[in-house]
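A.B. asks: mmCIF, C-alpha atoms, file coords_13.cif:
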```cif
data_upload
loop_
_atom_site.label_atom_id
_atom_site.label_comp_id
_atom_site.auth_asym_id
_atom_site.auth_seq_id
_atom_site.Cartn_x
_atom_site.Cartn_y
_atom_site.Cartn_z
CA MET A 1 -208.59 110.06 -58.18
CA ALA A 2 -208.19 110.57 -54.44
CA ALA A 3 -207.83 114.17 -53.27
CA ASP A 4 -204.15 113.55 -52.48
CA TRP A 5 -201.95 112.36 -55.34
CA ARG A 6 -199.90 110.43 -52.78
CA GLU A 7 -202.87 108.19 -51.96
CA PHE A 8 -203.40 105.00 -53.91
CA GLY A 9 -206.32 103.09 -52.46
CA ASP A 10 -207.92 100.11 -54.14
CA ASP A 11 -207.97 100.34 -57.90
CA THR A 12 -211.28 100.78 -59.71
CA LEU A 13 -211.17 97.65 -61.87
CA ASN A 14 -214.45 95.75 -62.05
CA ALA A 15 -214.52 91.99 -61.50
CA PRO A 16 -213.79 90.89 -65.10
CA LEU A 17 -210.91 93.35 -65.47
CA ARG A 18 -209.47 92.39 -62.09
CA ALA A 19 -209.67 88.72 -63.10
CA ALA A 20 -207.95 89.52 -66.41
CA LEU A 21 -205.19 91.40 -64.59
CA GLU A 22 -204.54 88.49 -62.26
CA CYS A 23 -204.50 85.95 -65.10
CA PHE A 24 -202.18 88.08 -67.27
CA ALA A 25 -199.81 88.63 -64.34
CA ALA A 26 -199.69 84.92 -63.47
CA HIS A 27 -199.76 83.28 -66.90
CA GLY A 28 -198.98 86.04 -69.41
CA TYR A 29 -201.34 87.33 -72.07
CA HIS A 30 -200.85 84.40 -74.45
CA GLY A 31 -201.09 81.91 -71.61
CA THR A 32 -204.48 83.30 -70.54
CA SER A 33 -207.76 82.16 -72.06
CA ILE A 34 -211.11 83.91 -71.93
CA ARG A 35 -212.39 80.85 -70.06
CA MET A 36 -209.74 81.31 -67.36
CA VAL A 37 -210.71 84.96 -66.91
CA ALA A 38 -214.41 84.06 -66.77
CA ASP A 39 -213.73 81.38 -64.15
CA VAL A 40 -211.71 83.76 -61.94
CA ALA A 41 -214.37 86.45 -62.32
CA GLY A 42 -217.19 84.03 -61.52
CA LEU A 43 -218.85 84.63 -64.89
CA SER A 44 -219.86 82.44 -67.79
CA VAL A 45 -217.86 82.85 -71.00
CA PRO A 46 -220.88 84.46 -72.76
CA GLY A 47 -221.34 86.68 -69.71
CA LEU A 48 -217.75 87.87 -69.96
CA TYR A 49 -218.05 88.44 -73.73
CA HIS A 50 -221.19 90.50 -73.11
CA HIS A 51 -219.05 93.15 -71.40
CA HIS A 52 -215.70 92.71 -73.15
CA ARG A 53 -215.51 91.65 -76.76
CA SER A 54 -212.07 90.09 -76.77
CA LYS A 55 -208.96 89.25 -74.79
CA GLN A 56 -207.25 92.15 -76.56
CA GLU A 57 -209.93 94.49 -75.24
CA LEU A 58 -209.35 93.19 -71.71
CA LEU A 59 -205.62 93.88 -72.01
CA ASN A 60 -206.28 97.32 -73.45
CA LYS A 61 -208.66 98.24 -70.61
CA VAL A 62 -206.46 96.87 -67.84
CA VAL A 63 -203.36 98.69 -69.08
CA GLY A 64 -205.36 101.78 -70.00
CA ALA A 65 -206.81 102.07 -66.50
CA ALA A 66 -203.33 101.79 -65.01
CA MET A 67 -201.78 104.35 -67.34
CA ASP A 68 -204.67 106.77 -66.80
CA GLU A 69 -204.30 106.45 -63.05
CA LEU A 70 -200.54 106.98 -63.23
CA LEU A 71 -200.91 110.05 -65.42
CA ALA A 72 -203.65 111.56 -63.23
CA HIS A 73 -201.51 111.19 -60.10
CA THR A 74 -198.41 112.47 -61.89
CA ARG A 75 -200.16 115.55 -63.28
CA ALA A 76 -201.60 116.34 -59.85
CA ALA A 77 -198.17 115.84 -58.30
CA ALA A 78 -196.61 118.25 -60.78
CA GLU A 79 -199.27 120.87 -60.11
CA ASP A 80 -198.87 120.45 -56.36
CA SER A 81 -195.14 121.24 -56.45
CA ASP A 82 -193.42 124.40 -55.23
CA GLY A 83 -193.04 125.70 -58.76
CA THR A 84 -189.35 124.93 -59.16
CA PRO A 85 -188.17 122.34 -61.69
CA ALA A 86 -186.50 120.43 -58.85
CA GLY A 87 -189.70 120.46 -56.81
CA ARG A 88 -191.70 119.30 -59.81
CA PHE A 89 -189.16 116.52 -60.50
CA ASP A 90 -189.38 115.34 -56.89
CA ASN A 91 -193.18 115.22 -56.90
CA ILE A 92 -193.45 113.49 -60.28
CA VAL A 93 -190.88 110.86 -59.32
CA THR A 94 -192.54 110.36 -55.92
CA ALA A 95 -195.86 109.68 -57.69
CA LEU A 96 -194.12 107.24 -60.00
CA ILE A 97 -192.54 105.36 -57.08
CA LEU A 98 -195.80 105.28 -55.10
CA PHE A 99 -197.66 103.95 -58.13
CA HIS A 100 -195.19 101.08 -58.52
CA LEU A 101 -195.42 100.23 -54.83
CA SER A 102 -199.23 100.16 -55.06
CA ARG A 103 -199.92 98.70 -58.52
CA ARG A 104 -197.34 95.96 -58.89
CA GLN A 105 -199.38 93.59 -61.06
CA HIS A 106 -200.62 96.44 -63.24
CA ALA A 107 -197.07 97.67 -63.79
CA PHE A 108 -195.75 94.20 -64.56
CA VAL A 109 -198.45 93.53 -67.15
CA ALA A 110 -198.16 97.00 -68.69
CA SER A 111 -194.39 96.71 -69.06
CA THR A 112 -194.19 93.08 -70.23
CA GLU A 113 -197.25 92.76 -72.47
CA MET A 114 -196.66 95.69 -74.81
CA ARG A 115 -195.45 92.90 -77.12
CA SER A 116 -198.93 91.34 -77.08
CA MET A 117 -200.91 94.42 -78.06
CA ASN A 118 -202.34 95.13 -81.48
CA PRO A 119 -200.43 98.04 -83.05
CA GLU A 120 -203.22 100.58 -82.55
CA VAL A 121 -203.67 99.57 -78.92
CA ARG A 122 -199.95 99.65 -78.28
CA ALA A 123 -199.68 103.12 -79.81
CA VAL A 124 -202.11 104.51 -77.22
CA HIS A 125 -200.11 103.14 -74.30
CA VAL A 126 -196.75 104.11 -75.78
CA ALA A 127 -198.13 107.66 -76.03
CA SER A 128 -199.09 107.58 -72.33
CA ARG A 129 -195.67 106.29 -71.37
CA ASP A 130 -194.03 108.98 -73.50
CA GLU A 131 -196.16 111.67 -71.83
CA GLU A 132 -195.04 110.42 -68.41
CA GLN A 133 -191.37 110.45 -69.43
CA GLU A 134 -191.74 113.84 -71.08
CA MET A 135 -192.93 115.34 -67.77
CA ILE A 136 -189.75 114.02 -66.17
CA SER A 137 -187.41 115.14 -68.95
CA SER A 138 -188.88 118.64 -69.14
CA ALA A 139 -188.46 119.08 -65.38
CA ILE A 140 -184.80 118.07 -65.73
CA ALA A 141 -184.25 120.29 -68.79
CA GLU A 142 -185.77 123.29 -66.99
CA GLY A 143 -183.66 122.37 -63.97
CA ASN A 144 -180.57 122.60 -66.15
CA GLU A 145 -181.61 126.18 -66.92
CA SER A 146 -182.36 127.03 -63.29
CA GLY A 147 -179.08 125.59 -62.07
CA GLU A 148 -180.74 122.85 -60.03
CA PHE A 149 -179.65 120.03 -62.34
CA ASP A 150 -176.59 119.29 -64.42
CA CYS A 151 -177.78 116.64 -66.86
CA PRO A 152 -176.31 116.25 -70.35
CA SER A 153 -179.27 114.28 -71.72
CA PRO A 154 -182.60 114.87 -69.95
CA VAL A 155 -184.47 112.52 -72.30
CA ASP A 156 -182.14 109.59 -71.64
CA ALA A 157 -182.05 110.34 -67.91
CA ALA A 158 -185.86 110.44 -67.81
CA ARG A 159 -186.03 107.01 -69.40
CA ALA A 160 -183.56 105.67 -66.84
CA VAL A 161 -185.51 107.26 -63.97
CA SER A 162 -188.73 105.77 -65.28
CA SER A 163 -187.17 102.30 -65.77
CA LEU A 164 -185.74 102.32 -62.27
CA CYS A 165 -189.11 103.20 -60.72
CA VAL A 166 -190.87 100.52 -62.81
CA SER A 167 -188.39 97.93 -61.51
CA ILE A 168 -189.60 98.42 -57.94
CA ALA A 169 -192.74 96.47 -58.88
CA ASN A 170 -190.58 93.42 -59.62
CA TRP A 171 -189.23 92.94 -56.10
CA TYR A 172 -191.32 94.97 -53.62
CA ARG A 173 -193.71 93.00 -51.46
CA PRO A 174 -195.92 94.66 -48.83
CA GLY A 175 -194.90 93.70 -45.33
CA GLY A 176 -191.28 93.05 -46.32
CA ALA A 177 -188.20 94.36 -44.57
CA LEU A 178 -188.29 97.77 -46.27
CA ASP A 179 -190.81 100.42 -45.24
CA PRO A 180 -192.60 102.07 -48.20
CA ASN A 181 -191.65 105.54 -46.97
CA ASP A 182 -188.00 104.51 -46.82
CA ILE A 183 -188.21 103.12 -50.37
CA VAL A 184 -189.70 106.40 -51.59
CA ALA A 185 -186.87 108.38 -49.97
CA GLN A 186 -184.19 106.01 -51.21
CA TYR A 187 -185.41 105.76 -54.80
CA LEU A 188 -186.04 109.49 -55.02
CA GLY A 189 -182.39 109.85 -54.06
CA PHE A 190 -181.32 107.40 -56.75
CA CYS A 191 -183.41 109.24 -59.33
CA ARG A 192 -182.04 112.64 -58.34
CA SER A 193 -178.53 111.22 -58.79
CA ILE A 194 -179.32 109.82 -62.24
CA ALA A 195 -180.76 113.19 -63.28
CA GLY A 196 -177.74 115.16 -62.05
CA ARG A 197 -179.53 117.02 -59.24
CA LEU A 198 -177.01 119.44 -57.76
CA ASP A 199 -176.69 119.48 -53.98
CA ASP A 200 -175.84 123.15 -53.90
CA ALA A 201 -178.89 124.11 -55.90
CA PRO A 202 -180.29 127.57 -55.25
CA ALA A 203 -183.23 127.92 -52.88
CA PRO A 204 -186.67 127.63 -54.48
CA ARG A 205 -187.68 130.78 -56.25
CA GLY A 206 -190.99 132.16 -55.08
CA MET B 1 -166.25 82.58 -73.04
CA ALA B 2 -164.33 84.86 -75.41
CA ALA B 3 -160.88 85.93 -74.26
CA ASP B 4 -162.16 89.44 -73.61
CA TRP B 5 -165.04 89.82 -71.16
CA ARG B 6 -166.23 92.80 -73.21
CA GLU B 7 -166.91 90.57 -76.21
CA PHE B 8 -170.33 88.98 -76.61
CA GLY B 9 -170.49 87.14 -79.91
CA ASP B 10 -173.28 84.76 -80.85
CA ASP B 11 -174.65 82.82 -77.94
CA THR B 12 -174.04 79.08 -77.76
CA LEU B 13 -177.67 77.93 -77.70
CA ASN B 14 -178.41 74.92 -79.92
CA ALA B 15 -181.38 74.97 -82.29
CA PRO B 16 -184.05 73.71 -79.84
CA LEU B 17 -182.94 76.10 -77.09
CA ARG B 18 -182.78 79.02 -79.51
CA ALA B 19 -186.28 78.16 -80.71
CA ALA B 20 -187.50 77.98 -77.11
CA LEU B 21 -185.95 81.37 -76.34
CA GLU B 22 -187.66 82.98 -79.31
CA CYS B 23 -191.04 81.44 -78.45
CA PHE B 24 -190.81 82.42 -74.77
CA ALA B 25 -189.80 85.98 -75.70
CA ALA B 26 -192.66 86.36 -78.19
CA HIS B 27 -195.49 84.47 -76.47
CA GLY B 28 -194.40 84.00 -72.86
CA TYR B 29 -193.73 80.66 -71.20
CA HIS B 30 -197.38 79.73 -70.71
CA GLY B 31 -198.24 80.87 -74.23
CA THR B 32 -195.60 78.57 -75.73
CA SER B 33 -196.26 74.93 -76.56
CA ILE B 34 -193.71 72.20 -77.17
CA ARG B 35 -195.15 71.92 -80.68
CA MET B 36 -194.42 75.60 -81.35
CA VAL B 37 -190.81 75.15 -80.22
CA ALA B 38 -190.43 72.01 -82.35
CA ASP B 39 -191.82 73.83 -85.41
CA VAL B 40 -189.46 76.78 -85.00
CA ALA B 41 -186.51 74.43 -84.44
CA GLY B 42 -187.43 72.32 -87.46
CA LEU B 43 -187.83 69.21 -85.32
CA SER B 44 -190.62 66.75 -84.69
CA VAL B 45 -192.21 66.83 -81.25
CA PRO B 46 -190.69 63.42 -80.38
CA GLY B 47 -187.34 64.68 -81.72
CA LEU B 48 -187.51 67.67 -79.40
CA TYR B 49 -188.52 65.51 -76.42
CA HIS B 50 -185.57 63.24 -77.14
CA HIS B 51 -183.20 66.07 -76.17
CA HIS B 52 -185.33 68.02 -73.68
CA ARG B 53 -187.79 66.27 -71.45
CA SER B 54 -190.17 69.16 -70.78
CA LYS B 55 -190.96 72.81 -71.40
CA GLN B 56 -189.73 73.50 -67.86
CA GLU B 57 -186.37 71.99 -68.77
CA LEU B 58 -186.17 74.23 -71.85
CA LEU B 59 -186.81 77.31 -69.69
CA ASN B 60 -184.26 76.15 -67.13
CA LYS B 61 -181.57 75.61 -69.78
CA VAL B 62 -182.24 78.86 -71.64
CA VAL B 63 -182.13 80.96 -68.48
CA GLY B 64 -179.26 78.91 -67.05
CA ALA B 65 -177.11 79.48 -70.14
CA ALA B 66 -177.76 83.21 -69.94
CA MET B 67 -177.00 83.46 -66.22
CA ASP B 68 -173.83 81.37 -66.61
CA GLU B 69 -172.65 83.61 -69.43
CA LEU B 70 -173.39 86.76 -67.44
CA LEU B 71 -171.56 85.45 -64.37
CA ALA B 72 -168.54 84.29 -66.40
CA HIS B 73 -168.18 87.72 -68.01
CA THR B 74 -168.75 89.51 -64.71
CA ARG B 75 -166.17 87.43 -62.84
CA ALA B 76 -163.62 88.00 -65.61
CA ALA B 77 -164.42 91.72 -65.58
CA ALA B 78 -163.85 91.88 -61.82
CA GLU B 79 -160.52 90.05 -62.09
CA ASP B 80 -159.43 92.30 -64.96
CA SER B 81 -159.91 95.50 -62.92
CA ASP B 82 -157.20 97.75 -61.49
CA GLY B 83 -157.66 96.33 -58.01
CA THR B 84 -159.58 99.25 -56.55
CA PRO B 85 -163.22 98.85 -55.48
CA ALA B 86 -164.17 101.64 -57.90
CA GLY B 87 -162.34 99.95 -60.76
CA ARG B 88 -164.02 96.65 -59.95
CA PHE B 89 -167.43 98.34 -59.78
CA ASP B 90 -166.86 99.94 -63.18
CA ASN B 91 -165.84 96.67 -64.83
CA ILE B 92 -168.66 94.64 -63.30
CA VAL B 93 -171.28 97.20 -64.29
CA THR B 94 -169.79 97.50 -67.79
CA ALA B 95 -170.11 93.73 -68.22
CA LEU B 96 -173.71 93.92 -66.99
CA ILE B 97 -174.56 96.69 -69.47
CA LEU B 98 -172.83 94.91 -72.38
CA PHE B 99 -174.70 91.70 -71.57
CA HIS B 100 -178.06 93.48 -71.70
CA LEU B 101 -177.18 95.16 -75.01
CA SER B 102 -176.22 91.77 -76.48
CA ARG B 103 -178.70 89.35 -74.94
CA ARG B 104 -181.99 91.22 -74.97
CA GLN B 105 -184.32 88.25 -75.42
CA HIS B 106 -182.42 86.20 -72.84
CA ALA B 107 -182.64 89.01 -70.32
CA PHE B 108 -186.33 89.61 -70.95
CA VAL B 109 -187.19 85.93 -70.49
CA ALA B 110 -184.94 85.55 -67.45
CA SER B 111 -186.47 88.57 -65.74
CA THR B 112 -190.13 87.98 -66.63
CA GLU B 113 -190.44 84.19 -66.41
CA MET B 114 -189.06 83.64 -62.91
CA ARG B 115 -192.80 83.39 -62.10
CA SER B 116 -193.10 80.34 -64.39
CA MET B 117 -190.29 78.27 -62.90
CA ASN B 118 -190.69 75.32 -60.57
CA PRO B 119 -189.42 76.27 -57.11
CA GLU B 120 -186.21 74.24 -57.35
CA VAL B 121 -185.40 75.67 -60.79
CA ARG B 122 -186.17 79.20 -59.65
CA ALA B 123 -183.90 78.79 -56.62
CA VAL B 124 -180.90 78.11 -58.87
CA HIS B 125 -181.45 81.27 -60.92
CA VAL B 126 -182.22 83.42 -57.90
CA ALA B 127 -178.88 82.29 -56.47
CA SER B 128 -177.11 83.35 -59.69
CA ARG B 129 -178.84 86.72 -59.62
CA ASP B 130 -177.91 87.15 -55.97
CA GLU B 131 -174.27 86.32 -56.73
CA GLU B 132 -174.24 88.97 -59.47
CA GLN B 133 -175.74 91.59 -57.14
CA GLU B 134 -173.38 90.57 -54.33
CA MET B 135 -170.38 91.33 -56.53
CA ILE B 136 -171.77 94.82 -57.06
CA SER B 137 -172.69 95.45 -53.44
CA SER B 138 -169.33 94.24 -52.11
CA ALA B 139 -167.48 96.55 -54.53
CA ILE B 140 -169.58 99.45 -53.24
CA ALA B 141 -169.12 98.46 -49.59
CA GLU B 142 -165.35 98.23 -50.04
CA GLY B 143 -165.49 101.54 -51.89
CA ASN B 144 -167.13 103.07 -48.83
CA GLU B 145 -164.07 101.93 -46.85
CA SER B 146 -161.58 103.20 -49.44
CA GLY B 147 -163.28 106.57 -49.72
CA GLU B 148 -164.28 106.07 -53.35
CA PHE B 149 -168.00 105.70 -52.59
CA ASP B 150 -170.43 107.22 -50.13
CA CYS B 151 -173.36 104.83 -50.16
CA PRO B 152 -175.61 104.27 -47.12
CA SER B 153 -177.00 100.96 -48.36
CA PRO B 154 -174.75 99.04 -50.79
CA VAL B 155 -177.20 96.13 -51.00
CA ASP B 156 -180.14 98.33 -52.03
CA ALA B 157 -177.96 100.36 -54.40
CA ALA B 158 -176.69 97.14 -56.03
CA ARG B 159 -180.26 96.03 -56.67
CA ALA B 160 -181.07 99.40 -58.24
CA VAL B 161 -177.91 99.27 -60.38
CA SER B 162 -178.79 95.77 -61.51
CA SER B 163 -182.42 96.70 -62.27
CA LEU B 164 -181.37 99.73 -64.29
CA CYS B 165 -178.97 97.66 -66.41
CA VAL B 166 -181.62 94.96 -66.96
CA SER B 167 -184.03 97.63 -68.21
CA ILE B 168 -181.75 98.45 -71.15
CA ALA B 169 -182.88 95.19 -72.76
CA ASN B 170 -186.46 96.54 -72.87
CA TRP B 171 -185.78 99.46 -75.19
CA TYR B 172 -182.40 99.05 -76.87
CA ARG B 173 -182.46 98.02 -80.53
CA PRO B 174 -179.27 97.55 -82.57
CA GLY B 175 -178.91 100.17 -85.26
CA GLY B 176 -180.96 102.73 -83.33
CA ALA B 177 -180.01 106.33 -82.65
CA LEU B 178 -177.77 105.52 -79.68
CA ASP B 179 -174.32 104.01 -80.16
CA PRO B 180 -173.63 101.05 -77.84
CA ASN B 181 -170.41 102.64 -76.58
CA ASP B 182 -172.31 105.81 -75.68
CA ILE B 183 -174.92 103.75 -73.83
CA VAL B 184 -172.19 101.98 -71.86
CA ALA B 185 -170.65 105.32 -70.87
CA GLN B 186 -174.00 106.88 -70.03
CA TYR B 187 -175.37 103.99 -67.98
CA LEU B 188 -172.08 103.49 -66.18
CA GLY B 189 -172.42 107.15 -65.17
CA PHE B 190 -176.00 106.58 -63.96
CA CYS B 191 -174.88 103.53 -61.96
CA ARG B 192 -171.95 105.36 -60.39
CA SER B 193 -174.39 108.08 -59.30
CA ILE B 194 -176.80 105.58 -57.77
CA ALA B 195 -173.93 103.95 -55.87
CA GLY B 196 -172.62 107.26 -54.52
CA ARG B 197 -169.33 107.25 -56.40
CA LEU B 198 -167.37 110.28 -55.23
CA ASP B 199 -165.83 112.49 -57.90
CA ASP B 200 -162.87 113.40 -55.75
CA ALA B 201 -161.97 109.79 -55.06
CA PRO B 202 -158.33 109.07 -54.31
CA ALA B 203 -156.13 107.82 -57.14
CA PRO B 204 -156.01 104.04 -57.56
CA ARG B 205 -153.77 102.38 -55.03
CA GLY B 206 -151.11 100.17 -56.64
#
```
Now, as a test, write the supplied structure out as structure tokens.

C.D. replies:
Amino acid sequence: MAADWREFGDDTLNAPLRAALECFAAHGYHGTSIRMVADVAGLSVPGLYHHHRSKQELLNKVVGAAMDELLAHTRAAAEDSDGTPAGRFDNIVTALILFHLSRRQHAFVASTEMRSMNPEVRAVHVASRDEEQEMISSAIAEGNESGEFDCPSPVDAARAVSSLCVSIANWYRPGGALDPNDIVAQYLGFCRSIAGRLDDAPAPRG
Amino acid sequence: MAADWREFGDDTLNAPLRAALECFAAHGYHGTSIRMVADVAGLSVPGLYHHHRSKQELLNKVVGAAMDELLAHTRAAAEDSDGTPAGRFDNIVTALILFHLSRRQHAFVASTEMRSMNPEVRAVHVASRDEEQEMISSAIAEGNESGEFDCPSPVDAARAVSSLCVSIANWYRPGGALDPNDIVAQYLGFCRSIAGRLDDAPAPRG
């Protein structure tokens, strides 16, 4: 990961995994063949199979790389906060928004192709998603205690916050009318509202 | 449409369209063949082609039926409101939430397979989606005037409200821990927060 959790440069997918990502995003998992992935990657079908045993393994690795990257940035964002629940919430949600601005195809495939995963593969990614949402819900729950939030159901609010950030990947296009920094500020505001962030919250406690 | 915009009974898809919906939801558009749809519908391939000329036409009709149903309920919800922008917002968003609780497969296919539509087909459904979001954004904008809302960007907030309601279809399962009425109340609250609904709004004007 980059030194700054706010930075998302190029992803680290190798050529076959990048080709798989592009095929899954364009045609869906079931609409993608190993031959299509090999063609996009510039490999022979045996050459592709040499590195990746199956289409299911390609999906697992593509989604796994994305979830690992998201979790690494989110954990670093949480650690980098001012120590208050509200500060932690802001950093975690900012990482989530930045990820979905930077990894649109990854997010689309991860959110739409859960249906196509073998149960044991799906369980791994559901656990990652749950860990991400748990970081959000625990920040909100602790913020209820600190008086920074007033949220009757932190778990449900965390799912809504997560869903809203994921949805950015569906419409955002680089170079469009909205500046990424403005989207971060706007969506962080939406997420604070969903989570019941109180405007008259106390100042951060040292 | 049922007399009450809150009521979503069975949808009105015929057997081939229902089969197409189920195949698209399970395998994606590109992972679905006409033969698969015919098998699920209990038809021969020529029998299916007799009614629907192509897989693209099946997708168009399935998504079109869903968008028409959503718009009919939303328009009726808007007309049935108390006449205030805030009342209209509440009814429109309630219809949107109820739709996504009742039409989960339809919503998933409509939101994920825009990529698979021919340009002229996609344009029709984008226009329907825009009309839905425009009803939300105009309620918010008028609510800014009436003092019921304080929202700097009604268009962006309407997109976020719409995205959040669409996301319900991704996780909601009938018979789960959450009661549908509680979900309506909770998500309406989230959407009001996103749109900057003011708690101390004036009483409805006759």

A.B. asks: Show me a table, sorted first by chain and then by increasing residue number, of the residues of range 30-135 of chain A having an atom at most 12 Å from range 164-188 of chain B, each with its shortest atom pair and the distance in Å to one decimal, counting only C-alpha atoms and written as CSV.

C.D. replies:
```
residue,atom,partner,partner_atom,distance
A:Ser111,CA,B:Asn170,CA,8.8
A:Thr112,CA,B:Asn170,CA,8.9
A:Glu113,CA,B:Asn170,CA,11.4
A:Met114,CA,B:Asn170,CA,10.4
A:Arg115,CA,B:Asn170,CA,10.6
A:Val126,CA,B:Trp171,CA,11.9
```

A.B. asks: Using all atoms listed in the file, determine which residues of chain B fall within 9 Å of chain A; present them as number ranges by chain.

C.D. replies: B: 26-32, 108, 111-112, 115-116, 156-157, 160-161, 163-164, 167-168, 170, 186-187, 189-196

A.B. asks: When you look at Leu13 in chain A with a cut-off of 12 Å (counting only C-alpha atoms), what residues show up, excluding the ones that are within fewer than 2 positions of it in the same chain? I need them as a list in words.

C.D. replies: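 Returned residues: Gly9, Asp10, Asp11, Ala15, Pro16, Leu17, Arg18, Ala19, Ala20, Leu21, Glu22, Ala41, Leu58, Lys61, Val62, Val63, Gly64, Ala65, Ala66, Glu69, Arg103 and His106 of chain A.
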
A.B. asks: In Å, rounded to a single decimal, give me how far CA of Arg122 in chain A is from CA of Ala38 in chain B.

C.D. replies: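 Computing it gives 29.5 Å between the two atoms.
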
A.B. asks: One decimal, in Å: what's the spacing between CA of Trp5 in chain A and CA of His125 in chain A?

C.D. replies: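 Between CA of Trp5 in chain A and CA of His125 in chain A the gap works out to 21.2 Å.
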
A.B. asks: May I ask which of the residues A:Asp68, A:Asp199, A:Asp90, A:Asp4 is the closest one to Arg129 in chain A, counting all atoms listed in the file?

C.D. replies: A:Asp68

A.B. asks: Given the file above and the PyMOL selection byres ((chain A and resi 75-86) around 7), which residues are selected, and can you give them as a list in words?

C.D. replies: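 Output from the PyMOL selection byres ((chain A and resi 75-86) around 7), applied to this file: Trp5, Leu71, Ala72, His73, Thr74, Gly87, Arg88, Phe89, Asp90, Asn91, Ile92, Ala95, Ala139, Ile140, Glu142, Gly143, Glu148, Pro204 and Arg205 of chain A.
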